[in-house]
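Data file: entry.cif. Format and content: mmCIF, C-alpha atoms and all ligand atoms.
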```
data_entry
loop_
_atom_site.label_atom_id
_atom_site.label_comp_id
_atom_site.auth_asym_id
_atom_site.auth_seq_id
_atom_site.Cartn_x
_atom_site.Cartn_y
_atom_site.Cartn_z
CA MET O 191 8.67 15.72 -19.78
CA ASP O 192 11.08 12.96 -18.80
CA PRO O 193 13.96 13.15 -21.33
CA TRP O 194 14.50 9.41 -21.03
CA LEU O 195 11.12 8.57 -22.47
CA THR O 196 11.30 7.17 -26.00
CA GLN O 197 9.84 9.14 -28.90
CA GLU O 198 6.90 6.73 -28.97
CA GLN O 199 6.22 7.32 -25.27
CA ARG O 200 6.43 11.10 -25.80
CA ASP O 201 4.00 10.87 -28.70
CA LEU O 202 1.64 8.83 -26.55
CA TYR O 203 1.95 11.45 -23.81
CA GLU O 204 1.01 14.23 -26.25
CA THR O 205 -1.87 12.25 -27.75
CA ILE O 206 -3.38 11.44 -24.37
CA THR O 207 -2.92 14.99 -23.07
CA ARG O 208 -4.75 16.42 -26.09
CA PHE O 209 -7.44 13.74 -25.85
CA ALA O 210 -7.99 14.43 -22.13
CA HIS O 211 -8.25 18.20 -22.64
CA ARG O 212 -10.76 17.67 -25.41
CA GLU O 213 -12.95 14.91 -23.97
CA LEU O 214 -12.76 14.60 -20.21
CA ASN O 215 -13.23 17.97 -18.53
CA ASP O 216 -16.80 18.92 -19.45
CA ASP O 217 -19.29 19.65 -16.67
CA LEU O 218 -16.71 18.75 -14.06
CA GLN O 219 -17.94 21.23 -11.48
CA SER O 220 -21.53 20.02 -11.55
CA ARG O 221 -20.51 16.35 -11.71
CA ASP O 222 -18.28 16.89 -8.68
CA GLU O 223 -21.16 18.52 -6.80
CA GLN O 224 -23.51 15.66 -7.68
CA GLY O 225 -20.97 12.85 -7.27
CA ALA O 226 -21.69 11.80 -10.84
CA PHE O 227 -19.49 9.30 -12.65
CA SER O 228 -18.68 10.33 -16.22
CA TRP O 229 -19.98 7.58 -18.47
CA HIS O 230 -18.99 9.72 -21.44
CA GLY O 231 -15.42 10.01 -20.11
CA TRP O 232 -15.25 6.30 -19.32
CA LYS O 233 -16.33 5.37 -22.84
CA LYS O 234 -13.88 7.80 -24.38
CA CYS O 235 -11.03 6.39 -22.24
CA ALA O 236 -12.11 2.91 -23.31
CA GLU O 237 -11.92 3.89 -27.01
CA LEU O 238 -8.28 4.74 -26.34
CA GLY O 239 -7.65 1.41 -24.58
CA LEU O 240 -6.93 2.98 -21.18
CA PRO O 241 -8.96 0.52 -19.01
CA GLY O 242 -6.73 -2.30 -20.30
CA LEU O 243 -3.41 -0.46 -20.55
CA ALA O 244 -1.30 -3.06 -18.76
CA VAL O 245 -3.37 -6.14 -19.67
CA PRO O 246 -1.64 -8.46 -22.17
CA ALA O 247 -2.71 -7.93 -25.79
CA GLU O 248 -3.95 -11.52 -26.14
CA TYR O 249 -6.81 -10.66 -23.75
CA GLY O 250 -7.68 -7.36 -25.41
CA GLY O 251 -5.35 -5.06 -23.50
CA ALA O 252 -2.63 -2.69 -24.70
CA GLY O 253 0.12 -4.83 -23.14
CA ALA O 254 2.10 -1.70 -22.24
CA ASP O 255 5.31 -1.95 -20.20
CA ALA O 256 5.57 -0.16 -16.87
CA VAL O 257 7.22 3.07 -18.08
CA THR O 258 4.83 3.40 -21.04
CA THR O 259 1.89 2.82 -18.71
CA MET O 260 3.18 5.49 -16.34
CA ALA O 261 3.69 7.96 -19.19
CA ALA O 262 0.12 7.33 -20.39
CA LEU O 263 -1.30 7.80 -16.90
CA GLU O 264 0.82 10.88 -16.19
CA ALA O 265 -0.49 12.41 -19.42
CA LEU O 266 -4.03 11.55 -18.41
CA GLY O 267 -3.53 13.25 -15.04
CA TYR O 268 -2.03 16.29 -16.74
CA GLY O 269 -4.80 16.73 -19.30
CA CYS O 270 -7.81 15.56 -17.28
CA ARG O 271 -8.97 17.58 -14.29
CA ASP O 272 -11.50 14.89 -13.34
CA ASN O 273 -9.27 13.15 -10.78
CA GLY O 274 -12.20 10.95 -9.74
CA LEU O 275 -12.59 9.44 -13.21
CA ILE O 276 -8.88 8.64 -13.29
CA PHE O 277 -9.10 7.11 -9.81
CA SER O 278 -11.94 4.85 -10.95
CA LEU O 279 -9.91 3.82 -13.96
CA ASN O 280 -6.91 2.96 -11.79
CA ALA O 281 -8.98 0.98 -9.29
CA HIS O 282 -10.56 -0.94 -12.18
CA LEU O 283 -7.22 -1.74 -13.81
CA TRP O 284 -4.89 -2.48 -10.91
CA ALA O 285 -7.22 -4.00 -8.32
CA GLY O 286 -9.87 -5.40 -10.68
CA ALA O 287 -8.42 -6.54 -14.01
CA MET O 288 -4.82 -7.28 -13.04
CA PRO O 289 -5.66 -9.81 -10.30
CA ILE O 290 -7.49 -11.77 -13.00
CA VAL O 291 -4.44 -11.46 -15.29
CA LYS O 292 -2.11 -12.67 -12.54
CA PHE O 293 -4.26 -15.31 -10.83
CA GLY O 294 -7.22 -16.13 -13.06
CA THR O 295 -7.66 -19.42 -14.87
CA GLU O 296 -7.66 -19.27 -18.65
CA ARG O 297 -11.46 -19.51 -18.51
CA LEU O 298 -11.74 -16.50 -16.17
CA LYS O 299 -9.32 -14.49 -18.30
CA ARG O 300 -11.26 -15.20 -21.49
CA ARG O 301 -14.56 -14.50 -19.78
CA TYR O 302 -13.72 -11.16 -18.14
CA LEU O 303 -10.61 -9.50 -19.55
CA PRO O 304 -11.84 -8.55 -23.04
CA GLY O 305 -14.83 -6.70 -21.50
CA LEU O 306 -12.69 -5.11 -18.79
CA CYS O 307 -10.28 -3.88 -21.48
CA ASP O 308 -12.88 -2.50 -23.89
CA GLY O 309 -14.67 -0.79 -21.01
CA SER O 310 -17.95 -2.68 -21.38
CA LEU O 311 -17.27 -4.12 -17.90
CA ILE O 312 -16.15 -2.15 -14.83
CA ALA O 313 -14.34 -3.83 -11.94
CA SER O 314 -14.17 -3.23 -8.19
CA HIS O 315 -11.95 -4.52 -5.42
CA ALA O 316 -13.80 -5.41 -2.23
CA LEU O 317 -11.44 -6.05 0.64
CA SER O 318 -12.00 -3.43 3.38
CA GLU O 319 -14.63 -4.04 6.03
CA PRO O 320 -16.03 -2.00 8.89
CA GLU O 321 -13.51 -3.60 11.30
CA ALA O 322 -10.75 -4.41 8.82
CA GLY O 323 -9.02 -1.35 7.38
CA SER O 324 -5.23 -1.07 7.61
CA ASP O 325 -5.33 -4.51 9.19
CA ALA O 326 -7.20 -5.63 6.11
CA LEU O 327 -6.80 -9.35 6.50
CA ALA O 328 -8.55 -9.26 9.87
CA LEU O 329 -11.61 -9.61 7.68
CA THR O 330 -14.75 -11.32 8.87
CA ALA O 331 -16.46 -12.01 5.53
CA ARG O 332 -16.96 -15.77 5.36
CA ALA O 333 -16.85 -18.22 2.49
CA THR O 334 -18.57 -21.50 3.32
CA LEU O 335 -17.96 -24.56 1.17
CA THR O 336 -21.23 -25.83 -0.34
CA ALA O 337 -22.22 -29.39 -1.18
CA ASP O 338 -21.65 -28.80 -4.91
CA GLY O 339 -18.04 -27.71 -4.29
CA GLY O 340 -18.79 -23.99 -4.59
CA TYR O 341 -18.81 -21.25 -1.95
CA GLU O 342 -21.42 -19.21 -0.17
CA LEU O 343 -20.21 -15.70 0.70
CA THR O 344 -21.51 -13.70 3.65
CA GLY O 345 -20.37 -10.32 4.89
CA THR O 346 -20.13 -6.58 4.27
CA LYS O 347 -17.41 -4.74 2.38
CA THR O 348 -16.84 -1.01 2.80
CA PHE O 349 -15.17 1.74 0.73
CA VAL O 350 -15.70 -0.20 -2.49
CA THR O 351 -14.57 2.15 -5.25
CA ASN O 352 -16.67 1.82 -8.42
CA ALA O 353 -19.25 -0.41 -6.69
CA PRO O 354 -22.25 1.70 -7.81
CA VAL O 355 -21.22 1.29 -11.46
CA ALA O 356 -19.31 -2.01 -11.34
CA ASP O 357 -20.18 -5.24 -13.13
CA VAL O 358 -17.67 -7.46 -11.38
CA PHE O 359 -16.13 -7.54 -7.91
CA ILE O 360 -12.92 -9.09 -6.62
CA VAL O 361 -14.13 -10.17 -3.18
CA PHE O 362 -11.96 -11.43 -0.31
CA ALA O 363 -13.42 -13.82 2.27
CA SER O 364 -12.17 -16.46 4.67
CA THR O 365 -13.11 -20.13 4.64
CA ASP O 366 -11.35 -20.69 7.92
CA PRO O 367 -10.53 -17.73 10.22
CA ALA O 368 -8.48 -20.09 12.43
CA ARG O 369 -5.99 -20.46 9.57
CA ARG O 370 -5.61 -16.67 9.45
CA PHE O 371 -4.03 -15.56 6.14
CA ALA O 372 -4.07 -19.08 4.77
CA GLY O 373 -7.87 -19.17 5.09
CA VAL O 374 -8.47 -16.11 2.89
CA SER O 375 -9.39 -16.54 -0.77
CA ALA O 376 -10.31 -14.12 -3.54
CA TYR O 377 -13.40 -14.63 -5.69
CA VAL O 378 -14.61 -13.02 -8.90
CA VAL O 379 -18.26 -12.18 -8.25
CA ASP O 380 -20.68 -10.86 -10.87
CA ARG O 381 -22.90 -7.96 -9.85
CA ASP O 382 -26.07 -9.88 -10.64
CA THR O 383 -25.14 -12.87 -8.44
CA PRO O 384 -28.13 -13.60 -6.19
CA GLY O 385 -27.30 -12.57 -2.62
CA LEU O 386 -25.01 -9.71 -3.57
CA SER O 387 -26.39 -6.21 -3.11
CA VAL O 388 -24.75 -2.85 -3.68
CA GLY O 389 -25.39 -0.16 -1.07
CA LYS O 390 -26.22 3.48 -1.58
CA GLN O 391 -23.44 5.65 -2.98
CA VAL O 392 -21.55 7.31 -0.11
CA GLY O 393 -20.50 10.97 -0.08
CA LYS O 394 -16.85 11.82 0.41
CA LEU O 395 -14.40 14.68 0.76
CA GLY O 396 -12.89 14.36 -2.70
CA LEU O 397 -12.73 12.16 -5.79
CA ARG O 398 -16.48 12.58 -5.81
CA THR O 399 -16.86 11.61 -9.45
CA SER O 400 -15.50 8.19 -8.53
CA PRO O 401 -18.54 6.46 -7.03
CA MET O 402 -18.15 4.35 -3.88
CA SER O 403 -20.47 2.26 -1.75
CA GLU O 404 -20.65 -0.77 0.49
CA ILE O 405 -21.53 -4.18 -0.83
CA HIS O 406 -23.42 -6.81 1.16
CA MET O 407 -23.34 -10.55 0.66
CA GLU O 408 -25.95 -12.87 2.10
CA HIS O 409 -26.06 -16.48 0.90
CA CYS O 410 -24.20 -15.29 -2.17
CA ARG O 411 -23.24 -18.47 -4.04
CA VAL O 412 -20.28 -18.59 -6.38
CA PRO O 413 -18.91 -21.69 -8.13
CA ALA O 414 -15.35 -22.80 -7.33
CA SER O 415 -14.41 -21.82 -10.87
CA GLN O 416 -14.67 -18.13 -9.76
CA LEU O 417 -11.71 -18.51 -7.37
CA LEU O 418 -8.57 -16.52 -8.12
CA GLY O 419 -5.66 -18.88 -7.61
CA PRO O 420 -5.99 -21.93 -5.39
CA PRO O 421 -8.03 -21.81 -2.16
CA GLY O 422 -6.13 -19.73 0.38
CA ALA O 423 -4.37 -17.55 -2.21
CA GLY O 424 -6.17 -14.40 -1.04
CA LEU O 425 -3.07 -12.91 0.56
CA ALA O 426 -1.00 -13.39 -2.58
CA VAL O 427 -3.79 -11.85 -4.70
CA PHE O 428 -4.06 -8.89 -2.33
CA ASN O 429 -0.31 -8.32 -2.21
CA ALA O 430 0.04 -8.48 -5.98
CA ALA O 431 -2.84 -6.06 -6.51
CA MET O 432 -1.51 -3.62 -3.89
CA ARG O 433 2.01 -3.79 -5.30
CA LEU O 434 0.75 -2.78 -8.75
CA GLU O 435 -1.73 -0.24 -7.45
CA ARG O 436 0.85 1.51 -5.27
CA ALA O 437 3.35 1.57 -8.12
CA PHE O 438 1.01 3.07 -10.70
CA ILE O 439 -1.93 4.80 -9.06
CA LEU O 440 -0.11 8.07 -8.51
CA ALA O 441 1.35 8.35 -12.02
CA ALA O 442 -1.68 10.49 -12.82
CA GLY O 443 -0.92 12.43 -9.64
CA VAL O 444 2.42 13.44 -11.14
CA GLY O 445 0.49 14.78 -14.13
CA ALA O 446 -1.79 16.67 -11.75
CA LEU O 447 1.28 18.16 -10.00
CA ARG O 448 2.50 19.47 -13.36
CA ARG O 449 -0.93 20.89 -14.16
CA ASP O 450 -1.20 22.64 -10.77
CA LEU O 451 2.32 24.02 -11.02
CA GLU O 452 1.67 25.55 -14.44
CA ARG O 453 -1.57 27.09 -13.20
CA CYS O 454 0.21 28.60 -10.20
CA VAL O 455 3.04 30.04 -12.32
CA GLU O 456 0.50 31.63 -14.64
CA HIS O 457 -1.53 33.02 -11.77
CA ALA O 458 1.58 34.41 -10.03
CA ARG O 459 2.54 36.20 -13.25
CA LEU O 460 -0.90 37.66 -13.93
CA ARG O 461 -2.24 38.48 -10.48
CA ARG O 462 -1.01 41.92 -9.39
CA GLN O 463 -0.92 43.32 -5.86
CA TYR O 464 1.01 46.33 -4.62
CA GLY O 465 1.49 47.32 -8.25
CA ARG O 466 3.38 44.19 -9.32
CA PRO O 467 2.81 40.50 -10.12
CA ILE O 468 2.60 38.45 -6.93
CA GLY O 469 5.30 36.18 -8.40
CA ASP O 470 7.74 39.03 -7.76
CA PHE O 471 7.32 38.41 -4.04
CA GLN O 472 9.84 35.86 -2.86
CA ALA O 473 7.38 34.21 -0.51
CA VAL O 474 5.13 33.37 -3.45
CA ALA O 475 7.93 32.47 -5.86
CA HIS O 476 9.65 30.22 -3.33
CA ARG O 477 6.40 28.40 -2.63
CA ILE O 478 6.10 27.68 -6.34
CA VAL O 479 9.73 26.58 -6.54
CA GLY O 480 8.94 24.09 -3.77
CA MET O 481 6.07 22.76 -5.88
CA ARG O 482 8.43 22.34 -8.83
CA LEU O 483 11.01 20.58 -6.69
CA ARG O 484 8.42 18.12 -5.38
CA LEU O 485 7.16 17.51 -8.92
CA GLU O 486 10.71 16.59 -9.96
CA THR O 487 11.31 14.25 -7.01
CA SER O 488 7.92 12.62 -7.52
CA ARG O 489 8.53 12.06 -11.21
CA LEU O 490 12.02 10.70 -10.59
CA LEU O 491 10.71 8.21 -8.02
CA LEU O 492 7.79 7.20 -10.23
CA TYR O 493 9.87 6.41 -13.32
CA HIS O 494 12.61 4.86 -11.22
CA VAL O 495 9.98 2.35 -10.09
CA GLY O 496 8.83 1.91 -13.70
CA ARG O 497 12.32 1.16 -14.92
CA LEU O 498 12.97 -1.25 -12.08
CA LEU O 499 9.73 -3.11 -12.84
CA ASP O 500 10.52 -3.26 -16.55
CA ALA O 501 13.94 -4.68 -15.69
CA GLY O 502 12.24 -7.43 -13.67
CA HIS O 503 13.03 -6.14 -10.17
CA ASP O 504 10.67 -6.55 -7.23
CA ALA O 505 11.12 -2.86 -6.26
CA ALA O 506 9.17 -3.35 -3.03
CA LEU O 507 10.93 -0.56 -1.14
CA GLU O 508 10.96 1.84 -4.07
CA ILE O 509 7.23 1.30 -4.70
CA THR O 510 6.42 2.03 -1.07
CA LEU O 511 8.62 5.13 -0.97
CA ALA O 512 7.17 6.44 -4.22
CA LYS O 513 3.58 5.96 -3.01
CA LEU O 514 4.43 7.68 0.26
CA HIS O 515 6.30 10.59 -1.31
CA ILE O 516 3.92 11.32 -4.18
CA SER O 517 0.80 11.18 -2.00
CA GLU O 518 2.31 13.47 0.62
CA THR O 519 3.50 15.77 -2.18
CA LEU O 520 0.03 15.86 -3.70
CA VAL O 521 -1.42 17.18 -0.46
CA THR O 522 1.39 19.65 0.27
CA SER O 523 1.37 21.05 -3.26
CA ALA O 524 -2.42 21.19 -3.42
CA LEU O 525 -2.37 23.30 -0.24
CA ASP O 526 0.29 25.50 -1.81
CA ALA O 527 -1.85 25.92 -4.93
CA VAL O 528 -4.75 27.16 -2.79
CA GLN O 529 -2.42 29.60 -0.99
CA VAL O 530 -0.93 30.96 -4.22
CA HIS O 531 -4.45 31.66 -5.50
CA GLY O 532 -5.46 33.39 -2.25
CA GLY O 533 -9.20 33.76 -1.68
CA ALA O 534 -9.91 32.61 -5.24
CA GLY O 535 -8.20 29.31 -4.43
CA TYR O 536 -10.55 28.78 -1.52
CA LEU O 537 -13.67 29.17 -3.63
CA THR O 538 -15.24 26.20 -5.35
CA GLY O 539 -13.03 25.41 -8.32
CA ASP O 540 -9.87 23.69 -9.51
CA ALA O 541 -7.54 24.52 -6.60
CA GLU O 542 -10.16 23.73 -3.98
CA ARG O 543 -11.24 20.49 -5.66
CA GLY O 544 -7.60 19.54 -6.25
CA LEU O 545 -6.92 19.77 -2.52
CA ARG O 546 -9.96 17.67 -1.63
CA ASP O 547 -9.04 15.09 -4.27
CA ALA O 548 -5.42 14.92 -3.07
CA VAL O 549 -6.18 14.00 0.55
CA GLY O 550 -7.45 10.50 -0.31
CA SER O 551 -4.06 9.51 -1.72
CA ARG O 552 -2.64 9.41 1.82
CA ILE O 553 -5.32 6.83 2.73
CA TYR O 554 -6.17 4.56 -0.22
CA SER O 555 -3.89 1.65 -1.22
CA GLY O 556 -2.53 1.70 2.34
CA THR O 557 -2.19 4.85 4.43
CA SER O 558 1.05 6.84 4.62
CA GLU O 559 1.64 5.32 8.06
CA VAL O 560 1.24 1.82 6.64
CA GLN O 561 3.69 2.67 3.82
CA GLN O 562 6.20 3.75 6.46
CA ASN O 563 5.66 0.52 8.40
CA ILE O 564 6.32 -1.46 5.23
CA ALA O 565 9.45 0.57 4.45
CA ALA O 566 10.69 0.12 8.01
CA ARG O 567 10.22 -3.63 7.77
CA LEU O 568 12.07 -3.71 4.44
CA LEU O 569 14.92 -1.90 6.20
CA GLY O 570 14.91 -4.58 8.88
CA LEU O 571 13.19 -2.35 11.43
CA GLY O 572 9.81 -2.28 13.12
CA LEU O 573 7.73 -4.97 14.71
CA PRO O 574 7.16 -8.21 12.83
CA GLU O 575 3.47 -7.61 13.36
CA ARG O 576 0.78 -9.48 11.57
CA GLN O 577 -0.59 -6.27 10.03
CA ASP O 578 2.83 -5.30 8.73
CA ARG O 579 3.72 -8.72 7.40
CA LYS O 580 0.77 -8.96 5.09
CA ASP O 581 1.84 -5.85 3.23
CA VAL O 582 5.24 -7.03 2.21
CA ILE O 583 4.69 -10.63 1.20
CA ALA O 584 4.17 -10.67 -2.53
C1 LIG B 1 -10.72 7.17 -1.71
C2 LIG B 1 -10.64 5.79 -1.13
C3 LIG B 1 -10.87 4.69 -1.93
C4 LIG B 1 -10.83 3.40 -1.39
N1 LIG B 1 -11.13 2.34 -2.20
C5 LIG B 1 -11.15 1.08 -1.68
C6 LIG B 1 -11.52 -0.03 -2.49
O1 LIG B 1 -11.80 0.11 -3.68
N2 LIG B 1 -11.57 -1.26 -1.91
C7 LIG B 1 -11.25 -1.46 -0.61
O2 LIG B 1 -11.29 -2.61 -0.17
N3 LIG B 1 -10.90 -0.42 0.20
C8 LIG B 1 -10.84 0.85 -0.31
N4 LIG B 1 -10.51 1.92 0.49
C9 LIG B 1 -10.25 1.69 1.91
C10 LIG B 1 -8.80 1.89 2.28
O3 LIG B 1 -8.03 0.81 1.84
C11 LIG B 1 -8.75 2.08 3.80
O4 LIG B 1 -9.43 3.28 4.10
C12 LIG B 1 -7.33 2.15 4.32
O5 LIG B 1 -6.67 0.92 4.17
C13 LIG B 1 -7.29 2.57 5.80
O6 LIG B 1 -8.17 1.80 6.57
P1 LIG B 1 -9.23 2.52 7.54
O7 LIG B 1 -9.93 3.57 6.74
O8 LIG B 1 -10.05 1.50 8.20
O9 LIG B 1 -8.34 3.28 8.60
P2 LIG B 1 -7.67 2.63 9.93
O10 LIG B 1 -6.96 1.37 9.57
O11 LIG B 1 -8.71 2.57 11.00
O12 LIG B 1 -6.59 3.72 10.27
C14 LIG B 1 -6.89 4.91 10.99
C15 LIG B 1 -5.56 5.61 11.25
O13 LIG B 1 -4.71 4.77 12.05
C16 LIG B 1 -3.48 4.57 11.38
N5 LIG B 1 -2.98 3.21 11.62
C17 LIG B 1 -3.67 2.03 11.56
N6 LIG B 1 -2.84 1.00 11.79
C18 LIG B 1 -1.60 1.53 11.98
C19 LIG B 1 -0.31 0.97 12.25
N7 LIG B 1 -0.11 -0.36 12.35
N8 LIG B 1 0.73 1.83 12.38
C20 LIG B 1 0.56 3.18 12.26
N9 LIG B 1 -0.62 3.75 12.01
C21 LIG B 1 -1.69 2.93 11.87
C22 LIG B 1 -3.79 4.79 9.90
O14 LIG B 1 -2.62 5.11 9.16
C23 LIG B 1 -4.79 5.93 9.97
O15 LIG B 1 -4.12 7.15 10.08
C24 LIG B 1 -10.53 3.21 -0.03
C25 LIG B 1 -10.29 4.33 0.80
C26 LIG B 1 -10.35 5.60 0.25
C27 LIG B 1 -10.10 6.79 1.14
#
```

Please rewrite the model in this file as structure tokens.
Amino acid sequence: MDPWLTQEQRDLYETITRFAHRELNDDLQSRDEQGAFSWHGWKKCAELGLPGLAVPAEYGGAGADAVTTMAALEALGYGCRDNGLIFSLNAHLWAGAMPIVKFGTERLKRRYLPGLCDGSLIASHALSEPEAGSDALALTARATLTADGGYELTGTKTFVTNAPVADVFIVFASTDPARRFAGVSAYVVDRDTPGLSVGKQVGKLGLRTSPMSEIHMEHCRVPASQLLGPPGAGLAVFNAAMRLERAFILAAGVGALRRDLERCVEHARLRRQYGRPIGDFQAVAHRIVGMRLRLETSRLLLYHVGRLLDAGHDAALEITLAKLHISETLVTSALDAVQVHGGAGYLTGDAERGLRDAVGSRIYSGTSEVQQNIAARLLGLGLPERQDRKDVIA
């Protein structure tokens, strides 16, 4: 564990690790096969205050600082093998609750945040569209001003994490495509709003216990009071949500790296071939050393970001580099874990599921290529393209 964590943060780490071992791993194999969200796990996480970790205490959250939040999430990732549940929790917190914290009116905060923190409400972030992925603000969802001063939303959103179980959606739509970014606004939309429908849960490679679907909006009317920030603040809302999500979403991944490493060390000690533990073979041992090295670099980058954020820095470049490095590490080390376990690692189980779960990290919250574009721009390189610009304005 990071020696610079305070005693309180270490105690929290131990508490959450024990909690996760005890409460969150049951039936994982069958839930993964069925793509079933763990309501039990969600409720247990909520009892511990995890859905509102970073939300200010006055709205029902834990009000944790960045490093404490990272320690809590790392512990969760270490103790909980249900990476999908943790992904849902992260999407809810960073892209659902925090935009309301940062941009919501007092009325919106009072209305939604207590429920989002105690877990009675689940949030989703609906930005991506069939033709707007990395170039997310090329969106075509429309918001038309109505006579009563509200908005009517029309369009389809794809890849909406948590949608099948969500109560509230942060939806991005444009009132005026001609104004490009300036025309995009973000709206808080309740699930039961007439005109909003949630599509069938989609299947995916990994993170299967985190449900995902499309949402469709047809004459979906929302009052102006559901706007996040002033009209046209969609880009700022998106940037703020992505900045937080990229900084924190892979803290649990660092915990998963530790978990996988320990499992590989144990396996390499116990599994014998040619009359000796396979860990005696340099090829195996060196692979595991590589895993340890990448765990260290990932953890250093993660907490470096945490300390910068707690000290009030923007940390734009560090956040991007950490997201890029940890996600690439997750995939590399998950492949190594399969290799160390040989045929057993290829069978349905922890190593196999870990690899499938890891791959998404190179895509969600901006692909690895997009992270590199952002980093290049922050270094004064790369094209000042529209799709790059949107990712660095915050
Ligand atoms: C597990 C998961 C959860 C998600 N959850 C949500 C969610 O809750 N809400 C939501 O709105 N979206 C969500 N997404 C969508 C996600 O944000 C997009 O998948 C992602 O931004 C990439 O967009 P795309 O899939 O359309 O790929 P594309 O943009 O079509 O990219 C395809 C390939 O081209 C590359 N590429 C594209 N543009 C460039 C460029 N300028 N330079 C270099 N390479 C480029 C990409 O890196 C990628 O390799 C989720 C995705 C996943 C996998």

Quiz item: Could you work out how far atom CA of O:Arg567 lies from atom C15 of ligand LIG 1 (chain B), giving the answer in Å with one decimal?
Solution: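 Computing it gives 18.6 Å between the two atoms.
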
Quiz item: How far is it from atom CA of O:Thr346 to atom CA of O:Ile405, in Å with one decimal?
Solution: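 So the two atoms, atom CA of O:Thr346 and atom CA of O:Ile405, lie 5.8 Å apart.
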
Exercise. Name the residues, using the chain letters and numbers of the file, that sit within 9 Å of (-10.9, -12.4, 5.2) when counting all atoms listed in the file, and give them as an MDAnalysis selection string.
Key: chainID O and resid 317 322 326:333 362:367 370:371 373:376 424

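Remark: for ligand LIG 1 (chain B), the closest of the candidate residues O:Met402, O:Ala316, O:Leu499, O:Leu483 is O:Ala316 (distances computed over all atoms listed in the file).
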
Quiz item: Expressed in Å to a single decimal, how great is the separation between atom CA of O:Arg462 and atom CA of O:Arg448?
Solution: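 So the answer is 23.1 Å.
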
Self-check item: Nearest residue to ligand LIG 1 (chain B) from the set O:Thr510, O:Thr399, O:Ser310, O:Ser228 (distances using all atoms listed in the file)
Solution: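 Ranking O:Thr510, O:Thr399, O:Ser310, O:Ser228 by distance to ligand LIG 1 (chain B), first place goes to O:Thr399.
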
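Distances to ligand LIG 1 (chain B) were evaluated for O:Gly267, O:Gly465, O:Gly253, O:Gly274 using only C-alpha atoms and all ligand atoms, and the minimum falls at O:Gly274.
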
Quiz prompt | Counting all atoms listed in the file, the option among O:Ser403, O:Thr522, O:Thr336, O:Thr259 closest to ligand LIG 1 (chain B) | solution =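 Comparing O:Ser403, O:Thr522, O:Thr336, O:Thr259 against ligand LIG 1 (chain B), the winner is O:Ser403.
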
Exercise. Please provide as JSON, numbers by chain all residues within 7 Å of O:Leu343, with the sequence filter that same-chain residues fewer than 2 positions apart are discarded (counting all atoms listed in the file).
Key: {"O": [332, 333, 334, 341, 345, 407, 408, 409, 410, 411]}

Exercise. Would you mind listing what lies within 7 Å of stretch 243-247 of chain O as a list in words, with only C-alpha atoms counted and same-chain residues fewer than 5 positions away left out?
Key: Ala252, Gly253, Ala254, Asp255, Thr259, Met288 and Val291 of chain O

Can I get the selection written as a PDB file, keeping the file's coordinate frame, with C-alpha atoms?
```
ATOM      1  CA  ALA O 252      -2.630  -2.690 -24.700  1.00  0.00           C
ATOM      2  CA  GLY O 253       0.120  -4.830 -23.140  1.00  0.00           C
ATOM      3  CA  ALA O 254       2.100  -1.700 -22.240  1.00  0.00           C
ATOM      4  CA  ASP O 255       5.310  -1.950 -20.200  1.00  0.00           C
ATOM      5  CA  THR O 259       1.890   2.820 -18.710  1.00  0.00           C
ATOM      6  CA  MET O 288      -4.820  -7.280 -13.040  1.00  0.00           C
ATOM      7  CA  VAL O 291      -4.440 -11.460 -15.290  1.00  0.00           C
TER       8      VAL O 291
END
```

Quiz item: Can you tell me, as JSON, numbers by chain, what residues are no more than 9 Å from stretch 430-442 of chain O when counting all atoms listed in the file, ignoring any on the same chain fewer than 5 positions away?
Solution: {"O": [256, 259, 260, 261, 262, 263, 264, 265, 266, 267, 268, 273, 276, 277, 280, 281, 283, 284, 285, 286, 288, 289, 292, 425, 447, 489, 492, 493, 495, 496, 506, 508, 509, 510, 512, 513, 516, 517, 551, 555, 556, 581, 582, 583, 584]}

Quiz item: Restricting the calculation to all atoms listed in the file, which member of O:Arg453, O:Arg477, O:Arg369, O:Lys347 is positioned closest to ligand LIG 1 (chain B)?
Solution: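 Comparing O:Arg453, O:Arg477, O:Arg369, O:Lys347 against ligand LIG 1 (chain B), the winner is O:Lys347.
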
Self-check item: Counting all atoms listed in the file, the residue of O:Val560, O:Ala226, O:Leu298, O:Leu238 that sits nearest O:Thr205
Solution: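 Closest residue, counting all atoms listed in the file: O:Leu238.
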
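Within 6 Å of stretch 234-236 of chain O, once only C-alpha atoms are used and residues closer than 4 positions along the same chain are dropped, the contacting residues are Leu240, Pro241, Asp308 and Gly309 of chain O.
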
Self-check item: Selection near O:Phe227, 10 Å with all atoms listed in the file, sequence-local residues under 4 positions removed, as a PyMOL selection string
Solution: chain O and resi 218+221-222+231-232+272+274-275+278+352+354-355+398-401

Grab the residues selected above and save them as a short mmCIF file (atom, residue, chain, number, x, y, z; two decimals), in the frame of the given file with C-alpha atoms.
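Output contents, as saved in result_9.cif:
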```cif
data_model
loop_
_atom_site.label_atom_id
_atom_site.label_comp_id
_atom_site.auth_asym_id
_atom_site.auth_seq_id
_atom_site.Cartn_x
_atom_site.Cartn_y
_atom_site.Cartn_z
CA LEU O 218 -16.71 18.75 -14.06
CA ARG O 221 -20.51 16.35 -11.71
CA ASP O 222 -18.28 16.89 -8.68
CA GLY O 231 -15.42 10.01 -20.11
CA TRP O 232 -15.25 6.30 -19.32
CA ASP O 272 -11.50 14.89 -13.34
CA GLY O 274 -12.20 10.95 -9.74
CA LEU O 275 -12.59 9.44 -13.21
CA SER O 278 -11.94 4.85 -10.95
CA ASN O 352 -16.67 1.82 -8.42
CA PRO O 354 -22.25 1.70 -7.81
CA VAL O 355 -21.22 1.29 -11.46
CA ARG O 398 -16.48 12.58 -5.81
CA THR O 399 -16.86 11.61 -9.45
CA SER O 400 -15.50 8.19 -8.53
CA PRO O 401 -18.54 6.46 -7.03
#
```
